[in-house]
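**Student:** Got protein-v4.cif for you, mmCIF, C-alpha atoms:
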data_data
loop_
_atom_site.label_atom_id
_atom_site.label_comp_id
_atom_site.auth_asym_id
_atom_site.auth_seq_id
_atom_site.Cartn_x
_atom_site.Cartn_y
_atom_site.Cartn_z
CA GLN A 1 131.36 168.34 59.05
CA ALA A 2 130.48 168.42 62.72
CA ASP A 3 132.09 165.01 63.11
CA SER A 4 135.47 166.10 61.75
CA SER A 5 137.82 168.80 62.95
CA ASP A 6 138.84 169.22 59.29
CA GLY A 7 135.30 170.35 58.57
CA TRP A 8 135.60 173.25 61.01
CA TRP A 9 137.83 175.17 58.62
CA ASN A 10 135.20 174.95 55.87
CA HIS A 11 133.04 177.14 58.10
CA ILE A 12 135.75 179.80 58.18
CA ASP A 13 136.14 179.74 54.40
CA ALA A 14 132.38 180.02 53.91
CA SER A 15 132.21 182.85 56.45
CA CYS A 16 134.87 184.83 54.63
CA ARG A 17 133.00 184.37 51.33
CA ALA A 18 129.86 185.85 52.93
CA HIS A 19 131.32 189.33 52.32
CA GLU A 20 130.32 188.88 48.67
CA ASP A 21 126.72 189.54 49.71
CA ASN A 22 127.72 193.07 50.75
CA ILE A 23 129.66 194.00 47.62
CA ASN A 24 126.69 194.63 45.31
CA ALA A 25 124.02 195.23 47.92
CA THR A 26 121.70 198.14 47.19
CA TRP A 27 121.38 199.01 50.85
CA PRO A 28 123.61 198.49 53.89
CA THR A 29 123.27 194.96 55.20
CA PHE A 30 123.10 193.87 58.81
CA CYS A 31 123.51 190.27 59.93
CA GLY A 32 121.46 189.06 62.83
CA GLU A 33 121.34 185.79 64.67
CA PHE A 34 124.65 184.14 63.92
CA SER A 35 126.47 181.77 66.24
CA LEU A 36 129.63 179.70 66.40
CA ALA A 37 127.79 176.38 66.40
CA VAL A 38 128.81 173.78 63.82
CA ALA A 39 126.12 171.27 64.84
CA ASP A 40 122.42 171.55 65.48
CA CYS A 41 122.26 169.42 68.59
CA GLN A 42 122.69 171.99 71.34
CA LYS A 43 120.05 172.03 74.02
CA TYR A 44 116.75 173.66 72.98
CA LEU A 45 117.44 173.72 69.24
CA ASN A 46 115.17 172.12 66.65
CA GLY A 47 111.86 172.51 68.41
CA GLY A 48 113.03 172.46 71.99
CA PHE A 49 114.65 170.01 74.33
CA ASN A 50 113.23 166.53 73.89
CA THR A 51 114.30 163.31 75.54
CA PRO A 52 115.54 161.29 73.83
CA TYR A 53 116.80 163.87 71.39
CA VAL A 54 117.72 162.69 67.90
CA PRO A 55 119.34 165.52 65.97
CA PRO A 56 118.88 165.44 62.21
CA LEU A 57 122.37 166.43 61.05
CA ALA A 58 124.94 165.25 63.59
CA THR A 59 125.94 161.88 64.99
CA ASP A 60 125.50 160.94 68.62
CA SER A 61 129.26 161.22 69.18
CA ALA A 62 129.34 164.72 67.67
CA CYS A 63 126.45 165.83 69.86
CA GLU A 64 128.14 164.33 72.91
CA TYR A 65 131.27 166.35 72.12
CA TYR A 66 129.53 169.66 71.40
CA ASN A 67 127.29 169.33 74.45
CA SER A 68 130.14 168.52 76.80
CA ASN A 69 131.63 170.81 79.40
CA TRP A 70 133.71 173.75 78.11
CA GLU A 71 136.76 172.52 79.99
CA THR A 72 136.74 169.31 77.95
CA TYR A 73 137.12 171.17 74.65
CA ASN A 74 140.65 171.04 73.32
CA ASP A 75 142.65 174.16 72.47
CA TYR A 76 142.40 173.39 68.75
CA TYR A 77 138.60 173.66 68.89
CA LYS A 78 138.72 176.80 71.05
CA ASP A 79 141.12 178.40 68.56
CA PHE A 80 138.74 177.43 65.75
CA LEU A 81 135.89 179.19 67.59
CA ARG A 82 138.00 182.34 67.95
CA GLN A 83 138.82 182.36 64.25
CA TYR A 84 135.26 181.45 63.26
CA PHE A 85 133.92 184.43 65.19
CA LEU A 86 136.44 186.79 63.60
CA ALA A 87 135.77 185.47 60.09
CA GLN A 88 132.05 186.03 60.46
CA VAL A 89 132.34 189.59 61.75
CA ASP A 90 134.99 190.36 59.11
CA ALA A 91 132.44 189.49 56.43
CA TYR A 92 129.49 191.21 58.11
CA GLU A 93 131.43 194.46 58.47
CA TYR A 94 133.00 194.38 55.00
CA GLY A 95 132.89 197.39 52.69
CA ASN A 96 130.54 200.31 52.57
CA ASN A 97 127.47 198.12 52.88
CA GLY A 98 128.58 195.95 55.77
CA ALA A 99 126.47 197.59 58.46
CA GLY A 100 127.18 195.18 61.31
CA TRP A 101 125.88 192.18 63.18
CA PHE A 102 124.55 190.79 66.40
CA MET A 103 125.13 187.35 67.79
CA TRP A 104 122.41 184.95 68.81
CA THR A 105 122.26 184.78 71.80
CA MET A 106 123.63 187.04 74.52
CA LYS A 107 123.54 184.30 77.18
CA THR A 108 122.40 180.69 77.33
CA GLU A 109 120.88 178.94 80.32
CA ASN A 110 123.75 177.58 82.46
CA ASN A 111 126.09 177.91 79.47
CA CYS A 112 124.29 174.92 77.94
CA ALA A 113 125.44 175.88 74.43
CA PRO A 114 128.66 177.89 74.66
CA GLU A 115 128.88 178.35 70.89
CA TRP A 116 125.71 180.44 71.12
CA ASP A 117 126.63 182.39 74.28
CA PHE A 118 128.19 185.81 73.59
CA ILE A 119 128.92 186.67 77.22
CA PHE A 120 130.45 183.27 77.98
CA LEU A 121 132.67 183.41 74.88
CA LEU A 122 133.72 186.94 75.76
CA GLU A 123 134.63 185.85 79.30
CA LYS A 124 136.61 182.88 77.94
CA GLY A 125 138.59 185.07 75.51
CA VAL A 126 137.13 183.59 72.34
CA ILE A 127 135.53 186.93 71.49
CA PRO A 128 138.00 189.82 71.78
CA ALA A 129 137.37 192.30 74.58
CA ASN A 130 137.85 195.24 72.20
CA LEU A 131 135.91 194.59 69.02
CA CYS A 132 137.08 197.89 67.52
CA GLU A 133 140.72 196.80 67.68
CA ARG A 134 140.74 193.13 66.82
CA ASP A 135 142.55 190.71 64.57
CA THR A 136 141.09 189.89 61.18
CA ILE A 137 140.96 186.47 59.58
CA CYS A 138 139.60 187.05 56.09
CA GLU A 139 141.74 188.35 53.27
CA PHE A 140 139.54 190.31 50.90
#
Can you turn what I pasted into structure tokens?

**Tutor:**
Amino acid sequence: QADSSDGWWNHIDASCRAHEDNINATWPTFCGEFSLAVADCQKYLNGGFNTPYVPPLATDSACEYYNSNWETYNDYYKDFLRQYFLAQVDAYEYGNNGAGWFMWTMKTENNCAPEWDFIFLLEKGVIPANLCERDTICEF
């Protein structure tokens, strides 16, 4: 899916379905360590940064794209990231048992993996400035 922009939307659908985990939970649930990454080839993942790095689940061209400079990402992908974030927090906050979330990580080294960088995504407008008054993506 990392090699196809069509695959990005499967992540949003799966994120919205994650609310089902909260529906019948005995206790409030809290999600930790989520990100907006759709590939596992960002710097320092899978045992650290190795050269040459051969990621197990993404092609070289996908890794080249996802590890490129933020300015090279097209608006379609940036819009996907915005919706992907909202879909995940919609699900994590759903119902009486959706207790919340935190994103992994607050900041990456030199923005080396923007899909994992909360502060960078907030500064770029992917994450809304006011999380209490935000759009929703999922329809429950």

**Student:** Using only C-alpha atoms, determine which residues lie at most 8 Å from segment 11-13 of chain A, disregarding the query and same-chain residues fewer than 5 positions distant; provide the list as an MDAnalysis selection string.

**Tutor:** chainID A and resid 38 83:84 87:88

**Student:** Quick one: write out the picked residues with C-alpha atoms as a PDB file, keeping the file's coordinate frame?

**Tutor:**
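Heads up, here's the output in selection.pdb:
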ATOM      1  CA  VAL A  38     128.810 173.780  63.820  1.00  0.00           C
ATOM      2  CA  GLN A  83     138.820 182.360  64.250  1.00  0.00           C
ATOM      3  CA  TYR A  84     135.260 181.450  63.260  1.00  0.00           C
ATOM      4  CA  ALA A  87     135.770 185.470  60.090  1.00  0.00           C
ATOM      5  CA  GLN A  88     132.050 186.030  60.460  1.00  0.00           C
TER       6      GLN A  88
END

**Student:** Carefully work through the PyMOL selection byres ((chain A and resi 100) around 9) for this structure and note down the residues it includes, as a PyMOL selection string.

**Tutor:** chain A and resi 28-32+89+92-94+97-99+101-102

**Student:** Expanded to explicit residues, what is the PyMOL selection byres ((chain A and resi 111) around 12) for this file, as a list in words?

**Tutor:**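 After applying the PyMOL selection byres ((chain A and resi 111) around 12), what remains is Gln42, Lys43, Asn67, Ser68, Asn69, Trp70, Glu71, Thr105, Met106, Lys107, Thr108, Glu109, Asn110, Cys112, Ala113, Pro114, Glu115, Trp116, Asp117, Phe118, Ile119, Phe120, Leu121, Glu123 and Lys124 of chain A.
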
**Student:** I need the residue nearest Gly125 of chain A from this list: A:Phe85, A:Ser61, A:Asn74, A:Glu20. Use all atoms listed in the file for the distance.

**Tutor:** A:Phe85

**Student:** Between A:Thr136, A:Asn130, A:Thr72, A:Asn96, which is the closest to Asp21 of chain A once you count all atoms listed in the file?

**Tutor:**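 Ranked by minimum distance to Asp21 of chain A, first place goes to A:Asn96.
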
**Student:** For Ala37 of chain A, which of A:Cys16, A:Leu81, A:Ala62, A:Ala25 is the closest residue, counting all atoms listed in the file?

**Tutor:**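 Under the stated criterion, the closest residue is A:Leu81.
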
**Student:** Would you mind reading off the distance between atom CA of Tyr76 of chain A and atom CA of Gly7 of chain A, one decimal, in Å?

**Tutor:** 12.8 Å

**Student:** Hey, can you check how far atom CA of Asp40 of chain A sits from atom CA of Thr59 of chain A?

**Tutor:**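 Separation between atom CA of Asp40 of chain A and atom CA of Thr59 of chain A: 10.3 Å.
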
**Student:** Provide the atom CA of Arg134 of chain A to atom CA of His19 of chain A distance in Å, to one decimal place.

**Tutor:**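 Interatomic distance here is 17.7 Å.
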
**Student:** Taking only C-alpha atoms into account, which of A:Ala39, A:Cys132, A:Leu122, A:Ala18 comes nearest Arg82 of chain A?

**Tutor:**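 Residue with the minimum atom-to-atom distance to Arg82 of chain A: A:Leu122.
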
**Student:** Go through A:Glu64, A:Phe80, A:Trp104, A:Ser35 one by one, measure the shortest atom-to-atom distance of each to Asn10 of chain A using all atoms listed in the file, and give the residue with the smallest value.

**Tutor:**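 Between A:Glu64, A:Phe80, A:Trp104, A:Ser35, the residue approaching Asn10 of chain A most closely is A:Phe80.
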
**Student:** Which is closer to Phe140 of chain A than all the others in A:Met103, A:Ala91, A:Leu86, A:Ile127, using only C-alpha atoms?

**Tutor:**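 Using only C-alpha atoms, the shortest distance to Phe140 of chain A belongs to A:Ala91.
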